[in-house]
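Input: a single structure, listed below in structure tokens.
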Amino acid sequence: MKTLLTLSLLLAVAMIAGTVSAAPSPAAATDSPAKFYQGKVITINTQSPAGSTSDLWARTLAVYLPEITGAKVAVKNETAGGGRVIENAFATTIKPDGLTMMFTSAGTIWPAFMTGDPAVKFDITKFQYIGGTESSNTLIAVSPKGKIKTIDDLRKAKGLKFAASNKTSLLTYANALAMSILGLDGRIITGFQGSTGRLLAIQQGDADGLVTSPVSAARGMTDGVMLPLVQIGTERTKPCEEFPSMMEIVKADTLNDMQKRLIASIDILSDAKFLFAPPGVPQDRMAFLSGAFKKALENPALRAAMLKATGEDIPPYVSGDALSKMAKQLAARKPEMTIWNDVLNKYVK
Amino acid sequence: MELFSAFTDALVRIFHPTILLVTFVSTVVALVFGILPAISGALVCILILPFLYGMDPFIGMPILCALFSVSCMGGSITAILLGIPGDNINAATVIDGFAMTRKGQGGRALGLSLAANILGALASIGISFLLIPMIVPIIMTFKTAEMLLIIVVALLFISVLTKHNRIKGLIAAGIGLLLSCIGYQASTGVARFTFGNLYLYEGLETPTVLMGILAMPVLLELHATGSTIAPSDMTGAGRLSELVGGMKELLRSYKSIWFRGSVIGYFFGLLPGIGGAACVWMVYGHAKQTSRHPEEFGKGAPDGIVAPEAASNSAHPGDLLITLALGIPGSGVMVVLLAAFLMMGVTPGPKLLIEHTTLCFEMLLTVAAANIMGAALFFFGAPLLTKVTRVSPYYIFAYLIPLIVLSTFVSREYTVDMIVIAIVSLIGLFMARFGFSAPALILGFVLGKMLETYLTLSLDLHGFTFFFSSPASVALTVLIPLTIFFDHIQRFLGRLLHRKVELLHGDDD
Amino acid sequence: MRIRPTGTAYFLIVILIFVLIFLTVSLTYDEMKVKLLPALISAITLVLTVIALTQEFKGAAKTGSTEKQVEETDHKKKEVPLGRFLNAFGWFFLQIAGVYVLGFLIAIPLWIFIYLWKHGHRWWSAVLQGAGAVLIVYLVFAVLLQVELYPGLAWQFFGSHFGS
């Protein structure tokens, strides 16, 4: 017993002492980037589990980036804290040597920053964006077996119930916006478990509609389980470009001031996908990585692999600089979150 | 006819040497990992996920199907011989399986388990083939309100499991429900009881809690008492004859509870979200409720082994079918499988059943083949494995403690899980010592999150009228008092029957 | 007459504190959806715990037909002093603490060695067994499954100070 106690005490002291860790120092740029990356291991983190869209993107990039960069690429799923731990680590502890990056979508990381989530320790304007793909509009979809078949049916219906998962997710904000702009009578019910839970809700008749990503909408249409009706945006985007945007249905001059402000700040709903690095990575390495990413996206084999894995044609490329600009514009809109939260609280009871 | 030709194509395909070899190797791996405590089928699938990216689905699918369906068979071995569930779904088997082992009848318990497992898996595959046309209507019937009522009925089984001391049982269930509240709340995303620790955002892991509450008290007791698991003077124990005896015993005396366990297990496998971890406890409770000797439960009752084992293995094919047919994962392991399918370029959903029927049948047949292979390995390996029950407890402690700590960490790679298991083990230790029901806590924990999710959704969708929102919900509402007063109803019907028999005999006179 | 609390009573007091913490914290949340279930469960469990505690102190438990059997089982367990169980837990905690500080690859063989040596095994046998165990862990988890085994605080501390 005594030995045990002594050993435990020693270990406890060691545990306390061992929590001191050095802060990351800025990476020293010495060799040329091409030489630097030869034989090294690049790690692409995702905050979502294996099999998610971000994960599939990361794994596909891991196949095609090595031939361009000369480095091996490993993928790590870091889902701790709903992804918040790794996101914070990118702002604080991850070494900015250009060997660690994250693949994510704007909808996963930007809303948390915009809503001032107390768990967020990062600033989206400080991340270094390597490159990404354009955002596409989300869509309102209903069950093909339900009573609602057209946008007119949707607008005339009373007491609509929309299935949503999390209250502060991108899709729920989009849902609230659409309900306000289109003048829909109803509410958003949160708590459904992921996209499958929401889809099941409309199939079973528990909910009348949902808001979904364009990829899910396209897949749902092919499977005969979803009927998209309208895109939540100012202009049509691919895929599902056959469906009108809400601003084609509602005239801009019929909107009230709050709705106009919501439309003016609609880029809050951006779901661009991108690769980014922590602040402080040397510029030449960033330029090298950006070039490599762009080249990978132009590779037909990668495009075919992504099409097979996600069912989605890769949207157009967006440069890291354009993403940085987007992030800065979005950060400037932080005060607008008040009206977004007002419209959200109107429909989410 | 198309269905039949797809079935025969699949049957031919699984006998291809490559597929057979892949299935066999995966079965061995699944059994080995299943035997390792705390390494669940889902965890094994998660660990091999990165290797499946881009793999040919006709190779990748047999690997996955064998891994997830056979690992629980291996988990039964540790549940029975060591009192440590190899998988969440083996937790209920521990209660009577381990008790039987402690009496020196580990071989008998393994025989009962093996027979229940293999028959449950084969029967449920047959049921799957028959039910393919009916899957969608069944799923469409059980909506949010109905799922809530099923969970309420499941929770009521706590009263069955804790008959000997209801108050302590309900307190244990309350603790389980409160532990399930740690983490984010489903509809708002607000983190609760995390005290600022982001690693607790997703809540406590079920395997960690199971290990802490069920397995650790057993291991701690082994060290504390210094005695072997089974009496070392039992001759003949663990022999093949004992195993065969156990298997025959099921066929002779426990067919009814095996059948009911398989049906209930399959049904719960079909329902998205409930999962096997809760279903096995319900089936255990049902077995106790309907047994002629309920007082034997907890002390090595054979039906206490047969029922949950039948349920655990029959849940998997139903689970798989729902995942394939609707793309809706029915349990944690199916979430991983769904990810694996996507990584191999296979998109589950209605189209898959129509356009890739052969692949679907191949998966179901692989589950059957893997179970048969696993059963054979189990059969010949079991007598050797029962010897572990007579090994020095210090050896068992020395090797299992690091393994449990390792497997607790490996599932999410969070160091906080190691601290959680330490705390939960302490709770489990005192619960075992002072007579609080571990099954009640586990049932409360496993069902807690689902209870809250479906409760808030049902209230949002229907208000308090959810009890009567559909014919199915009315039927389930009626089931609630029936479950509560089952004993009284059973006694009443017994007396009624007895009186009728007396009257008949009186008339004859 | 002075009432001496039983072990069960002490455990019930700990549960009471645990449940009170849950109840208090749940009432601090703003939204009803967030606080409803934990507050309700805490309240019910609190009442049940108080009832159980009262029964313990009164020494009058409500008995069912199998109550005696449970008491007998408890009695059997209670023949082994609690200290022995806590000793066992101490070893368990030592493994966890060891892993946390030193990492799996050092803590596992070290712990197995100390444990087996302390329980009567020859030192060289304990060393071999520890080494064998960690080799299997390394091969299966780190090499085959490519799981990153936690390196421990000590490694992270020294690694960051003396370069990586």
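Labels for the structure tokens follow display order: chains A, B, ..., residues from 1 in each chain, ligands from 1.
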
Can you list every residue of chain C that has an atom at most 8 Å from chain A, with its nearest atom pair and the distance in Å to one decimal, using only C-alpha atoms, ordered by chain then number, as CSV?
```
residue,atom,partner,partner_atom,distance
C:Asn87,CA,A:Met1,CA,6.7
C:Gly90,CA,A:Leu4,CA,6.9
C:Trp91,CA,A:Leu4,CA,7.2
C:Leu94,CA,A:Ser8,CA,6.0
C:Ala97,CA,A:Leu11,CA,6.4
C:Gly98,CA,A:Leu11,CA,6.8
C:Tyr100,CA,A:Met15,CA,7.4
C:Val101,CA,A:Met15,CA,5.7
C:Leu153,CA,A:Gly18,CA,5.3
C:Ala154,CA,A:Gly18,CA,5.8
C:Gln156,CA,A:Ser21,CA,7.5
C:Phe157,CA,A:Ser21,CA,5.8
C:Ser160,CA,A:Ala22,CA,6.0
C:His161,CA,A:Ala22,CA,6.9
```

Same residues, N, CA and C atoms, saved as a PDB file, in the first residue's frame:
```
ATOM      1  N   ASN C  87      -7.037  -1.048  -2.962  1.00  0.00           N
ATOM      2  CA  ASN C  87      -5.674  -1.374  -3.373  1.00  0.00           C
ATOM      3  C   ASN C  87      -5.654  -1.733  -4.850  1.00  0.00           C
ATOM      4  N   GLY C  90      -6.097   1.235  -6.840  1.00  0.00           N
ATOM      5  CA  GLY C  90      -4.853   2.001  -6.840  1.00  0.00           C
ATOM      6  C   GLY C  90      -3.908   1.534  -7.923  1.00  0.00           C
ATOM      7  N   TRP C  91      -3.806   0.228  -8.115  1.00  0.00           N
ATOM      8  CA  TRP C  91      -2.978  -0.298  -9.201  1.00  0.00           C
ATOM      9  C   TRP C  91      -3.515   0.148 -10.563  1.00  0.00           C
ATOM     10  N   LEU C  94      -2.742   3.671 -11.095  1.00  0.00           N
ATOM     11  CA  LEU C  94      -1.314   3.819 -11.370  1.00  0.00           C
ATOM     12  C   LEU C  94      -1.010   3.591 -12.846  1.00  0.00           C
ATOM     13  N   ALA C  97      -2.262   6.689 -14.682  1.00  0.00           N
ATOM     14  CA  ALA C  97      -1.360   7.817 -14.444  1.00  0.00           C
ATOM     15  C   ALA C  97      -0.043   7.602 -15.182  1.00  0.00           C
ATOM     16  N   GLY C  98       0.427   6.367 -15.165  1.00  0.00           N
ATOM     17  CA  GLY C  98       1.666   6.053 -15.864  1.00  0.00           C
ATOM     18  C   GLY C  98       1.570   6.317 -17.349  1.00  0.00           C
ATOM     19  N   TYR C 100      -0.514   8.348 -18.790  1.00  0.00           N
ATOM     20  CA  TYR C 100      -0.683   9.795 -18.982  1.00  0.00           C
ATOM     21  C   TYR C 100       0.659  10.517 -18.971  1.00  0.00           C
ATOM     22  N   VAL C 101       1.552  10.070 -18.078  1.00  0.00           N
ATOM     23  CA  VAL C 101       2.839  10.757 -17.959  1.00  0.00           C
ATOM     24  C   VAL C 101       3.880  10.191 -18.923  1.00  0.00           C
ATOM     25  N   LEU C 153       2.974  12.866 -21.378  1.00  0.00           N
ATOM     26  CA  LEU C 153       3.342  14.258 -21.138  1.00  0.00           C
ATOM     27  C   LEU C 153       4.854  14.438 -21.111  1.00  0.00           C
ATOM     28  N   ALA C 154       5.531  13.478 -20.520  1.00  0.00           N
ATOM     29  CA  ALA C 154       6.996  13.583 -20.387  1.00  0.00           C
ATOM     30  C   ALA C 154       7.644  13.673 -21.769  1.00  0.00           C
ATOM     31  N   GLN C 156       6.223  14.646 -24.557  1.00  0.00           N
ATOM     32  CA  GLN C 156       5.825  15.904 -25.195  1.00  0.00           C
ATOM     33  C   GLN C 156       6.645  17.050 -24.615  1.00  0.00           C
ATOM     34  N   PHE C 157       6.873  17.006 -23.300  1.00  0.00           N
ATOM     35  CA  PHE C 157       7.621  18.065 -22.632  1.00  0.00           C
ATOM     36  C   PHE C 157       9.070  18.065 -23.109  1.00  0.00           C
ATOM     37  N   SER C 160       9.461  18.969 -26.917  1.00  0.00           N
ATOM     38  CA  SER C 160       9.318  20.366 -27.297  1.00  0.00           C
ATOM     39  C   SER C 160      10.503  21.185 -26.834  1.00  0.00           C
ATOM     40  N   HIS C 161      11.189  20.742 -25.753  1.00  0.00           N
ATOM     41  CA  HIS C 161      12.323  21.516 -25.255  1.00  0.00           C
ATOM     42  C   HIS C 161      13.619  21.197 -25.971  1.00  0.00           C
TER      43      HIS C 161
END
```

Within 9 Å of chain B, which residues of chain A show up when using only C-alpha atoms, listed as a ChimeraX atom specification?
-> /A:49-52,56,59-60,75,78-82,84-85,119,161,164-168,189-193,196-197,200-201,203-207,222-225,305,308-311,349

Using only C-alpha atoms, which chain C residues lie at most 7 Å away from chain B, written as a VMD selection string?
-> chain C and resid 8 34 37 to 38 41 45 48 to 49 52 64 66 to 67 74 77 80 84 to 85 88 to 89 92 to 93 95 to 96 108 112 115 to 116 145

May I have the residues from that selection written out with C-alpha atoms, as a PDB file, in the first residue's frame?
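Output below, filename selection_24.pdb:
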```pdb
ATOM      1  CA  THR C   8     -24.224   2.135   1.690  1.00  0.00           C
ATOM      2  CA  VAL C  34     -31.394  22.141 -22.340  1.00  0.00           C
ATOM      3  CA  LEU C  37     -34.401  16.346 -18.725  1.00  0.00           C
ATOM      4  CA  PRO C  38     -31.365  16.663 -16.421  1.00  0.00           C
ATOM      5  CA  ILE C  41     -34.057  13.272 -13.560  1.00  0.00           C
ATOM      6  CA  THR C  45     -33.155  10.767  -8.238  1.00  0.00           C
ATOM      7  CA  LEU C  48     -35.219   8.523  -4.257  1.00  0.00           C
ATOM      8  CA  THR C  49     -31.770   8.953  -2.729  1.00  0.00           C
ATOM      9  CA  ALA C  52     -33.019   5.311   0.448  1.00  0.00           C
ATOM     10  CA  GLY C  64     -38.911  -8.408  -1.472  1.00  0.00           C
ATOM     11  CA  THR C  66     -35.038 -12.080  -3.009  1.00  0.00           C
ATOM     12  CA  GLU C  67     -33.823  -9.344  -0.696  1.00  0.00           C
ATOM     13  CA  ASP C  74     -23.375  -8.341  -0.353  1.00  0.00           C
ATOM     14  CA  LYS C  77     -18.433  -9.409  -0.951  1.00  0.00           C
ATOM     15  CA  VAL C  80     -13.240  -8.963   1.681  1.00  0.00           C
ATOM     16  CA  ARG C  84      -8.276  -4.629  -0.778  1.00  0.00           C
ATOM     17  CA  PHE C  85     -10.589  -3.337  -3.471  1.00  0.00           C
ATOM     18  CA  ALA C  88      -6.735  -2.957  -6.658  1.00  0.00           C
ATOM     19  CA  PHE C  89      -8.108   0.367  -7.800  1.00  0.00           C
ATOM     20  CA  PHE C  92      -5.468   0.505 -11.937  1.00  0.00           C
ATOM     21  CA  PHE C  93      -5.070   4.217 -11.320  1.00  0.00           C
ATOM     22  CA  GLN C  95      -1.481   2.348 -14.864  1.00  0.00           C
ATOM     23  CA  ILE C  96      -3.637   5.247 -16.058  1.00  0.00           C
ATOM     24  CA  ILE C 108       2.622  -0.723 -20.089  1.00  0.00           C
ATOM     25  CA  ILE C 112       3.344  -5.102 -15.835  1.00  0.00           C
ATOM     26  CA  TYR C 115       2.847  -5.540 -10.734  1.00  0.00           C
ATOM     27  CA  LEU C 116       4.055  -9.044 -11.449  1.00  0.00           C
ATOM     28  CA  LEU C 145      -3.567  -0.517 -37.377  1.00  0.00           C
TER      29      LEU C 145
END
```

Can you list, as a tab-separated table (two decimals) with C-alpha atoms, in the first residue's frame, every protein, DNA or RNA residue that comes within 6 Å of region 363-367 of chain B when you count only C-alpha atoms, leaving out same-chain residues fewer than 3 positions away?
```tsv
chain	number	residue	atom	x	y	z
B	62	PRO	CA	-16.86	-9.25	-47.08
B	65	CYS	CA	-19.44	-7.84	-42.95
B	66	ALA	CA	-17.26	-10.46	-41.32
B	360	CYS	CA	-26.66	-6.73	-51.13
B	370	ALA	CA	-18.67	-15.53	-41.48
```

Please, which residues of region 2-160 of chain C, numbered as in this document, come out alpha helix (DSSP H) from DSSP, as a PyMOL selection string?
-> chain C and resi 7-27+32-58+67-79+82-102+104-118+123-137+153-160

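The space between CA of Gly209 (chain A) and CA of Val142 (chain A) spans 4.4 Å.
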
Find the spatial neighbours of Lys251 (chain A), counting only C-alpha atoms, within a cut-off of 12 Å - ignore same-chain residues fewer than 4 positions away - and output them as a ChimeraX atom specification.
-> /A:181-182,234,245-247,255-256,259-260

Non-local contacts of Ala264 (chain A) (12 Å; only C-alpha atoms; under 2 positions in same chain excluded) as a ChimeraX atom specification = /A:177,233-234,252,255,257-262,266-269,329-330,333,336,339-340

Counting only C-alpha atoms, what is within 9 Å of Gly300 (chain B), bar same-chain residues fewer than 5 positions away, as a PDB file with C-alpha atoms, in the first residue's frame?
```pdb
ATOM      1  CA  ILE B  95     -24.656 -11.165 -15.855  1.00  0.00           C
ATOM      2  CA  ASP B  96     -25.550 -14.829 -16.150  1.00  0.00           C
ATOM      3  CA  GLY B  97     -22.731 -15.998 -18.406  1.00  0.00           C
ATOM      4  CA  PHE B  98     -20.041 -15.009 -15.966  1.00  0.00           C
ATOM      5  CA  ALA B  99     -22.073 -16.254 -13.023  1.00  0.00           C
ATOM      6  CA  MET B 100     -22.229 -19.667 -14.698  1.00  0.00           C
ATOM      7  CA  THR B 101     -18.468 -19.575 -15.266  1.00  0.00           C
ATOM      8  CA  ARG B 102     -17.888 -18.836 -11.613  1.00  0.00           C
ATOM      9  CA  LYS B 103     -19.718 -22.054 -10.834  1.00  0.00           C
ATOM     10  CA  ALA B 109     -22.308 -21.174 -20.932  1.00  0.00           C
ATOM     11  CA  ILE B 305     -27.519 -16.197 -21.649  1.00  0.00           C
TER      12      ILE B 305
END
```

Taking only C-alpha atoms into account, which of C:Val50, C:Val137, C:Val25, C:Leu40 comes nearest Leu12 (chain C)?
-> C:Val50

Val22 (chain B): which residues within 9 Å, counting only C-alpha atoms, same-chain residues fewer than 2 positions away excluded, as a PyMOL selection string?
-> chain B and resi 17-20+24-27+59-60+62-63

Per-residue DSSP, region 124-352 of chain B, filtered to strand (DSSP E or B), as a ChimeraX atom specification | /B:183-184,191-192

Let's have the selection written as a compact mmCIF listing (two decimals), in the first residue's frame, with all heavy atoms.
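Dumped to selection-v1.txt:
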```
# COMPACT_ATOMS: atom_id res chain seq x y z
N GLY B 183 -22.42 16.28 -22.31
CA GLY B 183 -22.16 16.48 -23.73
C GLY B 183 -23.16 17.43 -24.34
O GLY B 183 -23.92 18.09 -23.63
N TYR B 184 -23.18 17.49 -25.66
CA TYR B 184 -24.07 18.46 -26.29
C TYR B 184 -25.51 17.98 -26.30
O TYR B 184 -25.77 16.79 -26.39
CB TYR B 184 -23.59 18.77 -27.72
CG TYR B 184 -23.79 17.65 -28.70
CD1 TYR B 184 -24.97 17.54 -29.46
CD2 TYR B 184 -22.81 16.68 -28.87
CE1 TYR B 184 -25.15 16.50 -30.34
CE2 TYR B 184 -22.99 15.64 -29.76
CZ TYR B 184 -24.17 15.55 -30.48
OH TYR B 184 -24.35 14.52 -31.36
N ALA B 191 -23.51 22.67 -24.92
CA ALA B 191 -22.73 21.68 -24.16
C ALA B 191 -23.17 21.70 -22.70
O ALA B 191 -23.28 22.77 -22.10
CB ALA B 191 -21.24 22.01 -24.26
N ARG B 192 -23.45 20.52 -22.16
CA ARG B 192 -23.91 20.42 -20.76
C ARG B 192 -22.94 19.61 -19.93
O ARG B 192 -22.43 18.59 -20.41
CB ARG B 192 -25.27 19.71 -20.71
CG ARG B 192 -26.43 20.53 -21.15
CD ARG B 192 -27.73 19.80 -20.97
NE ARG B 192 -27.75 18.49 -21.59
CZ ARG B 192 -28.85 17.84 -21.93
NH1 ARG B 192 -30.03 18.41 -21.68
NH2 ARG B 192 -28.81 16.65 -22.48
```
